[in-house]
Amino acid sequence: MKLFNKKSFLNRLGLICLGLSLSFFVHAETLKLGHVTPEAHLWHKIAQKIDENLQANTNGEMNVAISPLSKIGDEGQMIQMMQAGSLHLGIFTLAEVANREASLQGWVLPFLFDTLDEAVAATQNEAARAMLAKLDNNGMVGVEYAFAGMRHIISGNAITEPTDLNNKKIRTYPSGVFKDWWNAVNAAPTAMPLSEVAQSLTTNLLDAVDIDLDALVSMKFYQQAPYLALTNHYTFPAVIVISKKYFDGLDESKKEVLVKAIRDGAEWGYKEIIVADERNLQTAIDDGATVTEIDLSSFKEAAEAVTQKYVKQDSLIADFYEQVQQAK
Ligand code: BEZ
């Protein structure tokens with residue numbers, strides 16, 4: 001007996017294929033990730049790596065939708081979304097997260113690191129892991145860090161000695177070590193979102209910017225402020241976090257696969273930033289930035305008092321400082 005004619009067989013086959021692809025879409029889970037940088041910035045590329053890793057390790061059952069450039073809200077709002085579980089993943093500046101977990105300020109103690117390699121190595125020390133673990137208290141699971149390079153100074157007029165910064169308005173973050181550090185070198189720290197910096201340099205609302213090379217190149221601030229003093233005064237990491245509310249509801253195998261996707265993405269970023277920092281410097285120079293030499297000895301003297309203040313104030317910062325020194 002003939003069960004199927006050719007047409008009905010093809011119809012059934014079509015239905016099976018449709019069913020399979022529908023079940024793929026029904027089961028695929030999209031996690032939302034927010035961050036503040038443009039798509040050309042390394043943090044966005046790390047987010048893309050996390051998405052690739054997650055898709056590869058789950059046969060496409062989980063993926064990541066990335067919202068760059070604060071499109072879904074500023075970092076404060078994104079952190080609230082994470083606490084509510086409506087945003088799953090985030091790459092947030094240390095500056096913002098340190099307002100909630102003060103020990104993270106250990107990362108920006110001025111002149112703590114001589115090189116980016118030292119900073120990358122420090123991500124795995126005990127104190128750095130303890131800082132991430134403390135983010136639990138703020139509704140986030142801290143998994144890894146991401147770097148954007150060492151910070152330097154870009155300015156409209158050349159800075160060749162630290163006194164050139166006296167009373168100059170320098171864009172930075174408005175709190176903690178950032179504020180203390182720029183006050184210690186007699187500059188006038190000025191808070192401003194990254195998105196307003198270019199315009200403020202043009203209108204002289206700002207004289208200078210505390211910036212890393214990745215942000216510098218991706219936002220081309222040397223078009224408004226051509227002088228680049230390579231101070232290497234600190235590095236400026238981000239933390240890569242998962243919403244605790246979302247994470248706590250996952251089964252163990254999903255937790256593992258998600259954490260691994262982030263760790264592997266971060267690992268890629270740690271290697272990439274070392275190469276990118278050199279490439280970004282060359283790009284900035286080729287694009288018109290003028291590098292100025294600056295004697296850093298008085299900067300380093302001023303750094304000491306700021307470092308001691310924070311080391312005395314927070315035992316985890318003290319541990320971090322100690323562990324970084326021991327690894328040198
Ligand atoms: C900044 O605000 O300076 C910044 C933010 C994200 C990445 C790099 C720099």
# chains A, B, ... in the order shown; residues from 1 in each chain; ligands from 1
>>> residues_around(residues="A:Lys45", least_positions_apart="4", cutoff="10 Å", atoms="only C-alpha atoms", output="compact mmCIF listing (two decimals) with all heavy atoms, in the first residue's frame")
# COMPACT_ATOMS: atom_id res chain seq x y z
N PRO A 38 31.06 53.68 22.08
CA PRO A 38 30.62 53.51 20.69
C PRO A 38 31.01 52.12 20.16
O PRO A 38 31.81 51.40 20.78
CB PRO A 38 31.38 54.60 19.93
CG PRO A 38 32.47 55.06 20.82
CD PRO A 38 32.13 54.68 22.23
N GLU A 39 30.48 51.78 18.99
CA GLU A 39 30.72 50.43 18.46
C GLU A 39 32.18 50.18 18.08
O GLU A 39 32.61 49.05 17.98
CB GLU A 39 29.79 50.17 17.26
CG GLU A 39 28.35 50.04 17.73
CD GLU A 39 27.36 49.73 16.64
OE1 GLU A 39 27.76 49.19 15.60
OE2 GLU A 39 26.17 50.04 16.85
N ALA A 40 32.93 51.28 17.86
CA ALA A 40 34.35 51.10 17.49
C ALA A 40 35.21 50.77 18.72
O ALA A 40 36.38 50.38 18.58
CB ALA A 40 34.87 52.38 16.84
N HIS A 41 34.66 50.91 19.91
CA HIS A 41 35.45 50.76 21.14
C HIS A 41 35.62 49.28 21.50
O HIS A 41 34.75 48.45 21.21
CB HIS A 41 34.74 51.51 22.28
CG HIS A 41 35.56 51.70 23.50
ND1 HIS A 41 35.60 50.76 24.51
CD2 HIS A 41 36.37 52.70 23.90
CE1 HIS A 41 36.40 51.21 25.48
NE2 HIS A 41 36.88 52.38 25.12
N LYS A 49 32.15 39.37 21.32
CA LYS A 49 32.80 38.06 21.57
C LYS A 49 31.95 37.23 22.54
O LYS A 49 31.81 36.03 22.38
CB LYS A 49 34.19 38.26 22.20
CG LYS A 49 35.24 38.70 21.23
CD LYS A 49 35.75 37.53 20.39
CE LYS A 49 36.57 38.08 19.24
NZ LYS A 49 36.77 37.17 18.13
N ILE A 50 31.41 37.89 23.56
CA ILE A 50 30.58 37.16 24.54
C ILE A 50 29.38 36.55 23.81
O ILE A 50 29.01 35.39 24.02
CB ILE A 50 30.15 38.10 25.69
CG1 ILE A 50 31.38 38.53 26.50
CG2 ILE A 50 29.12 37.41 26.60
CD1 ILE A 50 31.12 39.62 27.54
N ASP A 51 28.78 37.33 22.91
CA ASP A 51 27.65 36.83 22.13
C ASP A 51 28.08 35.62 21.29
O ASP A 51 27.41 34.57 21.32
CB ASP A 51 27.12 37.96 21.23
CG ASP A 51 26.02 37.47 20.31
OD1 ASP A 51 25.20 36.64 20.74
OD2 ASP A 51 25.96 37.93 19.14
N GLY A 265 35.43 35.87 26.62
CA GLY A 265 35.38 37.19 25.96
C GLY A 265 36.34 38.17 26.63
O GLY A 265 37.06 38.92 25.96
N TRP A 268 39.95 37.37 25.75
CA TRP A 268 40.26 37.92 24.42
C TRP A 268 40.57 39.42 24.56
O TRP A 268 41.54 39.93 23.99
CB TRP A 268 39.07 37.67 23.46
CG TRP A 268 39.28 38.30 22.14
CD1 TRP A 268 39.95 37.76 21.08
CD2 TRP A 268 38.84 39.62 21.73
NE1 TRP A 268 39.96 38.67 20.04
CE2 TRP A 268 39.29 39.81 20.41
CE3 TRP A 268 38.13 40.64 22.35
CZ2 TRP A 268 39.04 40.98 19.69
CZ3 TRP A 268 37.88 41.82 21.64
CH2 TRP A 268 38.33 41.97 20.35
N GLY A 269 39.74 40.11 25.33
CA GLY A 269 39.91 41.56 25.52
C GLY A 269 41.24 41.89 26.20
O GLY A 269 41.90 42.87 25.85
N GLU A 272 43.84 41.65 23.57
CA GLU A 272 43.63 42.63 22.51
C GLU A 272 44.04 44.04 22.95
O GLU A 272 44.61 44.79 22.17
CB GLU A 272 42.14 42.59 22.11
CG GLU A 272 41.75 43.50 20.97
CD GLU A 272 42.43 43.20 19.64
OE1 GLU A 272 42.95 42.07 19.45
OE2 GLU A 272 42.46 44.11 18.79
>>> residues_around(residues="A:Lys71", least_positions_apart="4", cutoff="10 Å", atoms="only C-alpha atoms", output="PyMOL selection string")
chain A and resi 34-37+66-67+78
>>> atom_distance(atom1="atom CA of A:Ala65", atom2="atom CA of A:Leu31")
6.1 Å
>>> select_by_dssp(residues="stretch 136-175 of chain A", states="strand (DSSP E)", output="list in words")
Met140, Val141, Gly142, Val143, Glu144, Tyr145, Ala146, Arg151, His152, Ile153, Ile154, Ser155, Lys169, Ile170, Arg171 and Thr172 of chain A
>>> atom_distance(atom1="atom CA of A:Phe299", atom2="atom CA of A:Tyr227")
18.3 Å
>>> residues_around(residues="A:Asp164", least_positions_apart="5", cutoff="12 Å", atoms="only C-alpha atoms", output="list in words")
Ile153, Ser155, Gly156, Asn157, Ala158, Ile159, Lys169, Ile170, Val185, Asn186, Ala187, Ala188, Asp207, Ala208, Ala229, Ile294, Asp295 and Phe299 of chain A
>>> residues_near_ligand(ligand="ligand 1", cutoff="7 Å", atoms="only C-alpha atoms and all ligand atoms", output="ChimeraX atom specification")
/A:36-37,93,148,172,193-194,210-212,215
>>> write_last_selection(atoms="N, CA, C and O atoms", output="PDB file, in the first residue's frame")
ATOM      1  N   VAL A  36      28.415  51.792  27.564  1.00  0.00           N
ATOM      2  CA  VAL A  36      28.361  53.229  27.250  1.00  0.00           C
ATOM      3  C   VAL A  36      29.219  53.652  26.061  1.00  0.00           C
ATOM      4  O   VAL A  36      29.209  54.828  25.689  1.00  0.00           O
ATOM      5  N   THR A  37      29.985  52.728  25.498  1.00  0.00           N
ATOM      6  CA  THR A  37      30.958  53.163  24.483  1.00  0.00           C
ATOM      7  C   THR A  37      30.405  53.002  23.059  1.00  0.00           C
ATOM      8  O   THR A  37      29.446  52.267  22.841  1.00  0.00           O
ATOM      9  N   THR A  93      31.656  51.193  33.587  1.00  0.00           N
ATOM     10  CA  THR A  93      32.908  51.830  34.012  1.00  0.00           C
ATOM     11  C   THR A  93      33.118  51.629  35.510  1.00  0.00           C
ATOM     12  O   THR A  93      32.168  51.693  36.299  1.00  0.00           O
ATOM     13  N   ALA A 148      40.459  49.725  28.738  1.00  0.00           N
ATOM     14  CA  ALA A 148      40.417  50.595  27.561  1.00  0.00           C
ATOM     15  C   ALA A 148      41.794  51.238  27.366  1.00  0.00           C
ATOM     16  O   ALA A 148      41.932  52.139  26.566  1.00  0.00           O
ATOM     17  N   THR A 172      36.887  64.770  33.954  1.00  0.00           N
ATOM     18  CA  THR A 172      37.129  63.500  34.626  1.00  0.00           C
ATOM     19  C   THR A 172      35.843  63.103  35.339  1.00  0.00           C
ATOM     20  O   THR A 172      34.804  63.729  35.153  1.00  0.00           O
ATOM     21  N   PRO A 193      29.637  64.107  30.766  1.00  0.00           N
ATOM     22  CA  PRO A 193      29.529  62.853  30.006  1.00  0.00           C
ATOM     23  C   PRO A 193      30.454  62.878  28.786  1.00  0.00           C
ATOM     24  O   PRO A 193      30.674  63.947  28.204  1.00  0.00           O
ATOM     25  N   LEU A 194      30.952  61.718  28.422  1.00  0.00           N
ATOM     26  CA  LEU A 194      31.873  61.601  27.286  1.00  0.00           C
ATOM     27  C   LEU A 194      31.260  62.229  26.028  1.00  0.00           C
ATOM     28  O   LEU A 194      31.957  62.847  25.221  1.00  0.00           O
ATOM     29  N   ASP A 210      40.987  63.746  30.643  1.00  0.00           N
ATOM     30  CA  ASP A 210      41.644  62.548  31.188  1.00  0.00           C
ATOM     31  C   ASP A 210      41.097  61.373  30.368  1.00  0.00           C
ATOM     32  O   ASP A 210      39.917  61.040  30.492  1.00  0.00           O
ATOM     33  N   ILE A 211      41.941  60.764  29.530  1.00  0.00           N
ATOM     34  CA  ILE A 211      41.368  59.864  28.518  1.00  0.00           C
ATOM     35  C   ILE A 211      42.279  58.660  28.249  1.00  0.00           C
ATOM     36  O   ILE A 211      43.485  58.754  28.385  1.00  0.00           O
ATOM     37  N   ASP A 212      41.682  57.548  27.846  1.00  0.00           N
ATOM     38  CA  ASP A 212      42.482  56.415  27.373  1.00  0.00           C
ATOM     39  C   ASP A 212      42.518  56.430  25.848  1.00  0.00           C
ATOM     40  O   ASP A 212      41.699  57.090  25.205  1.00  0.00           O
ATOM     41  N   ALA A 215      39.281  55.232  23.787  1.00  0.00           N
ATOM     42  CA  ALA A 215      38.212  56.244  23.702  1.00  0.00           C
ATOM     43  C   ALA A 215      38.681  57.423  22.849  1.00  0.00           C
ATOM     44  O   ALA A 215      37.912  57.978  22.060  1.00  0.00           O
TER      45      ALA A 215
END
>>> atom_distance(atom1="atom CA of A:Ala28", atom2="atom CA of A:Val239")
26.3 Å
>>> closest_residue(among="A:Asp264, A:Asp277, A:Ile91, A:Pro237", to="A:Gly106", atoms="only C-alpha atoms")
A:Pro237
>>> residues_around(residues="A:Met192", least_positions_apart="3", cutoff="7 Å", atoms="only C-alpha atoms", output="PyMOL selection string")
chain A and resi 171+196-197
>>> write_last_selection(atoms="N, CA and C atoms", output="PDB file, in the first residue's frame")
ATOM      1  N   ARG A 171      38.383  67.306  32.132  1.00  0.00           N
ATOM      2  CA  ARG A 171      37.204  66.435  32.231  1.00  0.00           C
ATOM      3  C   ARG A 171      37.609  65.115  32.890  1.00  0.00           C
ATOM      4  N   GLU A 196      29.611  64.818  25.634  1.00  0.00           N
ATOM      5  CA  GLU A 196      29.625  66.296  25.532  1.00  0.00           C
ATOM      6  C   GLU A 196      31.043  66.866  25.440  1.00  0.00           C
ATOM      7  N   VAL A 197      32.037  65.964  25.457  1.00  0.00           N
ATOM      8  CA  VAL A 197      33.419  66.432  25.560  1.00  0.00           C
ATOM      9  C   VAL A 197      33.865  67.200  24.312  1.00  0.00           C
TER      10      VAL A 197
END
>>> residues_around(residues="A:Asn183", least_positions_apart="6", cutoff="10 Å", atoms="only C-alpha atoms", output="list in words")
Asn166, Asn167, Val177, Pro189, Ala302 and Val306 of chain A
>>> write_last_selection(atoms="N, CA and C atoms", output="CSV table (one decimal), in the first residue's frame")
chain,number,residue,atom,x,y,z
A,166,ASN,N,47.8,73.8,36.1
A,166,ASN,CA,47.3,74.7,37.2
A,166,ASN,C,46.0,75.3,36.8
A,167,ASN,N,44.9,75.0,37.6
A,167,ASN,CA,43.6,75.6,37.4
A,167,ASN,C,42.9,75.3,36.0
A,177,VAL,N,38.8,58.9,44.0
A,177,VAL,CA,40.2,59.1,43.6
A,177,VAL,C,40.4,60.1,42.5
A,189,PRO,N,39.1,69.6,38.4
A,189,PRO,CA,38.4,68.4,37.8
A,189,PRO,C,37.0,68.8,37.5
A,302,ALA,N,52.8,63.8,44.1
A,302,ALA,CA,51.4,64.1,44.4
A,302,ALA,C,50.6,62.8,44.6
A,306,VAL,N,47.7,60.7,47.7
A,306,VAL,CA,46.3,60.2,47.3
A,306,VAL,C,46.3,58.7,47.6
